[in-house]
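Chemist: Sharing data32.txt here; it has compact mmCIF, C-alpha atoms.
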# COMPACT_ATOMS: atom_id res chain seq x y z
CA MET A 1 4.98 14.88 -3.02
CA SER A 2 5.45 14.54 0.72
CA ASN A 3 3.51 14.99 3.92
CA GLU A 4 5.55 17.13 6.31
CA ASN A 5 3.20 16.83 9.28
CA HIS A 6 3.29 13.11 10.08
CA SER A 7 0.98 13.39 13.09
CA ALA A 8 -1.77 15.29 11.27
CA GLU A 9 -4.98 13.60 10.18
CA PRO A 10 -4.84 12.31 6.60
CA ALA A 11 -6.04 14.65 3.89
CA ARG A 12 -9.42 13.72 2.42
CA THR A 13 -8.22 12.68 -1.05
CA VAL A 14 -5.22 12.66 -3.32
CA GLN A 15 -5.51 13.28 -7.06
CA LEU A 16 -3.46 10.73 -8.96
CA ASP A 17 -1.10 12.08 -11.56
CA ARG A 18 1.35 10.26 -13.85
CA HIS A 19 3.95 10.10 -11.05
CA LEU A 20 1.64 8.72 -8.38
CA VAL A 21 0.12 6.14 -10.72
CA ARG A 22 3.64 4.67 -11.06
CA ALA A 23 3.61 3.96 -7.32
CA LEU A 24 0.17 2.34 -7.49
CA ALA A 25 0.63 0.37 -10.72
CA HIS A 26 1.73 -2.63 -8.63
CA PRO A 27 -1.44 -4.35 -7.29
CA MET A 28 0.12 -5.06 -3.87
CA ARG A 29 0.80 -1.36 -3.27
CA ASN A 30 -2.80 -0.56 -4.08
CA ARG A 31 -3.96 -3.26 -1.64
CA ILE A 32 -1.58 -2.03 1.09
CA LEU A 33 -2.86 1.51 0.72
CA GLY A 34 -6.46 0.28 0.92
CA LEU A 35 -5.73 -1.74 4.09
CA LEU A 36 -4.14 1.30 5.76
CA ARG A 37 -7.17 3.41 4.89
CA VAL A 38 -9.68 0.89 6.19
CA TYR A 39 -7.88 -0.56 9.23
CA GLY A 40 -5.64 2.35 10.21
CA PRO A 41 -1.91 2.26 10.99
CA GLN A 42 -0.15 -1.09 10.49
CA THR A 43 3.37 -2.48 10.53
CA ALA A 44 4.97 -4.28 7.60
CA THR A 45 4.52 -7.49 9.60
CA THR A 46 0.77 -7.04 10.18
CA LEU A 47 0.27 -6.12 6.52
CA ALA A 48 2.25 -9.20 5.45
CA GLY A 49 -0.07 -11.36 7.55
CA ARG A 50 -3.18 -9.81 6.02
CA LEU A 51 -1.83 -10.18 2.49
CA GLN A 52 -0.24 -13.60 3.09
CA VAL A 53 3.17 -12.50 1.79
CA ASN A 54 6.55 -12.10 3.46
CA THR A 55 7.50 -9.01 5.45
CA GLY A 56 10.28 -8.14 3.01
CA ALA A 57 7.69 -7.63 0.27
CA THR A 58 5.47 -5.36 2.36
CA SER A 59 8.49 -3.39 3.64
CA TYR A 60 9.66 -2.80 0.07
CA HIS A 61 6.23 -1.70 -1.14
CA LEU A 62 5.72 0.55 1.91
CA ARG A 63 8.99 2.33 1.09
CA GLN A 64 7.83 2.85 -2.50
CA LEU A 65 4.51 4.25 -1.29
CA ALA A 66 6.32 6.49 1.21
CA ASP A 67 8.64 7.82 -1.51
CA ALA A 68 5.53 8.79 -3.48
CA GLY A 69 3.97 10.50 -0.42
CA LEU A 70 1.03 8.09 -0.30
CA VAL A 71 1.92 6.67 3.14
CA VAL A 72 3.77 8.18 6.09
CA GLU A 73 5.27 6.81 9.28
CA ASP A 74 3.01 7.00 12.30
CA ASP A 75 5.44 8.57 14.77
CA SER A 76 2.98 8.13 17.65
CA ARG A 77 3.46 4.33 17.58
CA GLY A 78 6.30 1.84 17.56
CA ASN A 79 10.03 2.32 17.71
CA ALA A 80 13.06 2.04 15.42
CA ARG A 81 12.54 -1.73 15.02
CA ASP A 82 8.76 -1.62 14.89
CA ARG A 83 7.76 1.01 12.31
CA TRP A 84 4.09 1.80 11.91
CA TRP A 85 2.69 3.24 8.69
CA LYS A 86 -0.52 5.08 7.86
CA SER A 87 -2.14 6.40 4.73
CA ALA A 88 -1.42 10.04 3.96
CA HIS A 89 -4.89 10.38 2.39
CA GLN A 90 -8.32 8.86 2.97
CA GLY A 91 -9.20 8.39 -0.69
CA THR A 92 -7.90 8.46 -4.24
CA GLU A 93 -9.33 10.34 -7.18
CA PHE A 94 -8.18 9.98 -10.75
CA ASN A 95 -9.13 10.85 -14.29
CA ALA A 96 -8.80 7.54 -16.15
CA THR A 97 -8.86 9.21 -19.57
CA GLU A 98 -6.03 11.58 -18.66
CA LEU A 99 -3.92 8.83 -17.11
CA LEU A 100 -4.46 6.54 -20.11
CA ASP A 101 -3.36 9.35 -22.44
CA GLN A 102 -0.24 10.17 -20.38
CA GLU A 103 0.93 6.72 -19.18
CA PRO A 104 -1.12 4.03 -20.93
CA GLU A 105 0.76 0.96 -19.67
CA LEU A 106 1.04 2.18 -16.08
CA ALA A 107 -2.57 3.33 -16.05
CA LEU A 108 -3.74 -0.07 -17.31
CA GLY A 109 -1.65 -1.78 -14.61
CA PHE A 110 -3.21 0.43 -11.96
CA LEU A 111 -6.75 -0.09 -13.28
CA HIS A 112 -6.26 -3.86 -13.49
CA GLY A 113 -5.18 -3.80 -9.84
CA VAL A 114 -8.31 -1.86 -8.92
CA GLY A 115 -10.46 -4.36 -10.81
CA GLN A 116 -8.71 -7.26 -9.08
CA THR A 117 -9.39 -5.73 -5.67
CA TYR A 118 -13.06 -5.23 -6.54
CA ALA A 119 -13.35 -8.87 -7.65
CA GLU A 120 -11.67 -10.08 -4.43
CA ASN A 121 -14.14 -7.98 -2.41
CA ILE A 122 -17.09 -9.63 -4.16
CA PHE A 123 -15.70 -13.15 -3.71
CA GLY A 124 -15.01 -12.44 -0.03
CA PHE A 125 -18.62 -11.32 0.41
CA ILE A 126 -19.95 -14.43 -1.36
CA ASP A 127 -17.77 -16.68 0.80
CA ALA A 128 -19.06 -14.96 3.96
CA MET A 129 -22.75 -14.96 3.02
CA GLN A 130 -23.55 -18.35 4.52
CA THR A 131 -22.48 -17.32 8.03
CA MET A 132 -23.59 -13.68 7.76
CA PRO A 133 -26.53 -12.54 9.92
CA GLU A 134 -29.78 -12.63 7.98
CA ASP A 135 -30.40 -8.87 8.26
CA TRP A 136 -27.02 -8.17 6.64
CA ARG A 137 -27.66 -10.77 3.90
CA ASP A 138 -31.04 -9.15 3.18
CA ALA A 139 -29.58 -5.63 3.12
CA SER A 140 -26.67 -6.56 0.84
CA VAL A 141 -26.88 -6.31 -2.94
CA LEU A 142 -25.05 -8.29 -5.60
CA SER A 143 -26.66 -7.25 -8.85
CA ASP A 144 -26.19 -5.56 -12.18
CA TYR A 145 -28.46 -3.44 -14.37
CA PHE A 146 -28.44 -2.76 -18.09
CA PHE A 147 -29.42 0.48 -19.82
CA HIS A 148 -29.42 2.10 -23.24
CA LEU A 149 -27.69 5.43 -22.55
CA ARG A 150 -25.55 8.06 -24.22
CA ALA A 151 -22.28 9.02 -22.51
CA ASP A 152 -23.79 12.29 -21.24
CA GLN A 153 -26.74 10.41 -19.69
CA LEU A 154 -24.42 7.96 -17.95
CA ASP A 155 -22.41 10.89 -16.61
CA VAL A 156 -25.55 12.51 -15.13
CA MET A 157 -26.74 9.21 -13.62
CA MET A 158 -23.37 8.57 -11.98
CA ARG A 159 -23.27 12.10 -10.53
CA GLU A 160 -26.68 11.49 -8.97
CA VAL A 161 -25.58 8.13 -7.54
CA MET A 162 -22.35 9.65 -6.19
CA ALA A 163 -24.35 12.41 -4.47
CA VAL A 164 -26.36 9.76 -2.60
CA LEU A 165 -23.19 7.90 -1.58
CA GLU A 166 -21.57 11.13 -0.43
CA LYS A 167 -24.53 11.67 1.93
CA TYR A 168 -23.68 8.44 3.80
CA LYS A 169 -19.89 8.67 3.59
CA THR A 170 -17.93 7.87 6.77
CA PRO A 171 -15.37 10.63 7.43
CA ASP A 172 -12.83 8.33 9.12
CA LEU A 173 -12.99 4.60 8.41
CA THR A 174 -10.48 3.89 11.18
CA ALA A 175 -12.80 5.35 13.86
CA PRO A 176 -14.61 2.88 16.17
CA LEU A 177 -17.78 1.45 14.67
CA PRO A 178 -21.06 2.77 16.10
CA GLU A 179 -23.18 0.12 17.86
CA GLY A 180 -24.76 -2.27 15.34
CA ALA A 181 -22.73 -0.90 12.44
CA GLU A 182 -20.31 -2.75 10.15
CA GLN A 183 -17.90 -1.46 7.55
CA VAL A 184 -19.78 -1.61 4.26
CA THR A 185 -18.29 -1.59 0.78
CA VAL A 186 -20.26 -0.13 -2.11
CA GLN A 187 -18.56 -0.76 -5.43
CA ILE A 188 -19.70 0.94 -8.60
CA GLN A 189 -18.71 0.06 -12.09
CA ALA A 190 -20.54 1.64 -15.03
CA PHE A 191 -19.21 1.11 -18.53
CA PRO A 192 -20.33 0.45 -22.10
CA ARG A 193 -20.64 -3.22 -23.03
CA GLU A 194 -19.63 -4.79 -26.31
CA THR A 195 -22.89 -5.25 -28.23
CA ARG A 196 -21.61 -6.30 -31.65
Output the file's structure as structure tokens, nothing else.
Modeler:
Amino acid sequence: MSNENHSAEPARTVQLDRHLVRALAHPMRNRILGLLRVYGPQTATTLAGRLQVNTGATSYHLRQLADAGLVVEDDSRGNARDRWWKSAHQGTEFNATELLDQEPELALGFLHGVGQTYAENIFGFIDAMQTMPEDWRDASVLSDYFFHLRADQLDVMMREVMAVLEKYKTPDLTAPLPEGAEQVTVQIQAFPRETR
């Protein structure tokens, strides 16, 4: 999979298949891709600073992501020594059941990386709460809810929630923030709990 038009805007989403999940099974690649989607084009050096790793590691993982067609060089920036990279897509979609059936170990590695990123997001929010403006603290939610549902009911509820989120979705996260706005993360996890 490749993106021939490197200067074009990123496609809305990419559907993960067994080949692409191999590229994202490493947690650092998943984090790099997320940073490019949220902050826009970056160099291996700027990504290394954000991730607190060495540039060799980010360069290696960027090449792996590029080979999979998940990132592309941003030809409008940099030079031969200073390569800039951007995400080839603005989002990722996947069918966890299908991936687990096709590539169970790789899919679990990918999903663990996603879970780790979600946990880091929550801890980052908690760490920032004390210095956060009061209106943002009041508007933020850190909560969970419990239900007795069948799988089909959960599916309907999640479709309704996703429709609300889609209504507020930002088309390009790298665009300048409107006055008074902040980038906001909404994480959703809905799953059956062990009750025995």
Chemist: Given only C-alpha atoms as the basis, pick out the residue of A:Gly69, A:Gln64, A:His89, A:Asp17 nearest to Asp172 in chain A.
Modeler: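 Comparing A:Gly69, A:Gln64, A:His89, A:Asp17 against Asp172 in chain A, the winner is A:His89.
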Chemist: At what distance in Å, to one decimal, does CA of Ile32 in chain A lie from CA of Leu47 in chain A?
Modeler: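 Separation between CA of Leu47 in chain A and CA of Ile32 in chain A: 7.0 Å.
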Chemist: Enter the distance from CA of Val21 in chain A to CA of Arg37 in chain A, in Å, rounded to one decimal.
Modeler: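 According to the coordinates, CA of Val21 in chain A and CA of Arg37 in chain A are separated by 17.4 Å.
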Chemist: Excluding Leu70 in chain A and its own-chain neighbours fewer than 2 positions away, which residues fall within 8 Å of it when counting all atoms listed in the file? Please give them as a short mmCIF file (atom, residue, chain, number, x, y, z; two decimals) with C-alpha atoms, keeping the file's coordinate frame.
Modeler:
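The result, stored in selection12.cif:
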data_model
loop_
_atom_site.label_atom_id
_atom_site.label_comp_id
_atom_site.auth_asym_id
_atom_site.auth_seq_id
_atom_site.Cartn_x
_atom_site.Cartn_y
_atom_site.Cartn_z
CA SER A 2 5.45 14.54 0.72
CA LEU A 33 -2.86 1.51 0.72
CA LEU A 65 4.51 4.25 -1.29
CA ALA A 66 6.32 6.49 1.21
CA ASP A 67 8.64 7.82 -1.51
CA ALA A 68 5.53 8.79 -3.48
CA VAL A 72 3.77 8.18 6.09
CA SER A 87 -2.14 6.40 4.73
CA ALA A 88 -1.42 10.04 3.96
CA HIS A 89 -4.89 10.38 2.39
#
Chemist: So the first atom is CA of Thr97 in chain A and the second is CA of His61 in chain A; what is the distance between them in Å, to one decimal place?
Modeler: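 Value for the CA of Thr97 in chain A-CA of His61 in chain A distance: 26.2 Å.
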Chemist: Taking every listed atom of range 167-172 of chain A and adding 8 Å to each side, what centre and edge lengths in Å (one decimal) does the axis-aligned box have, as JSON?
Modeler:
{"center_x": -18.7, "center_y": 9.8, "center_z": 5.5, "size_x": 27.7, "size_y": 19.8, "size_z": 23.2}
Chemist: If we count all atoms listed in the file, what is near range 183-189 of chain A at a cut-off of 8 Å, once residues fewer than 4 positions away on the same chain are taken out, given as a list in words?
Modeler: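 The neighbour list is Tyr118, Leu173 and Leu177 of chain A.
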Chemist: Between A:Ala151, A:Leu16, A:Leu106, A:Ala57, which is the closest to Arg29 in chain A once you count all atoms listed in the file?
Modeler: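 Looking at the shortest contact to Arg29 in chain A, the residue is A:Ala57.
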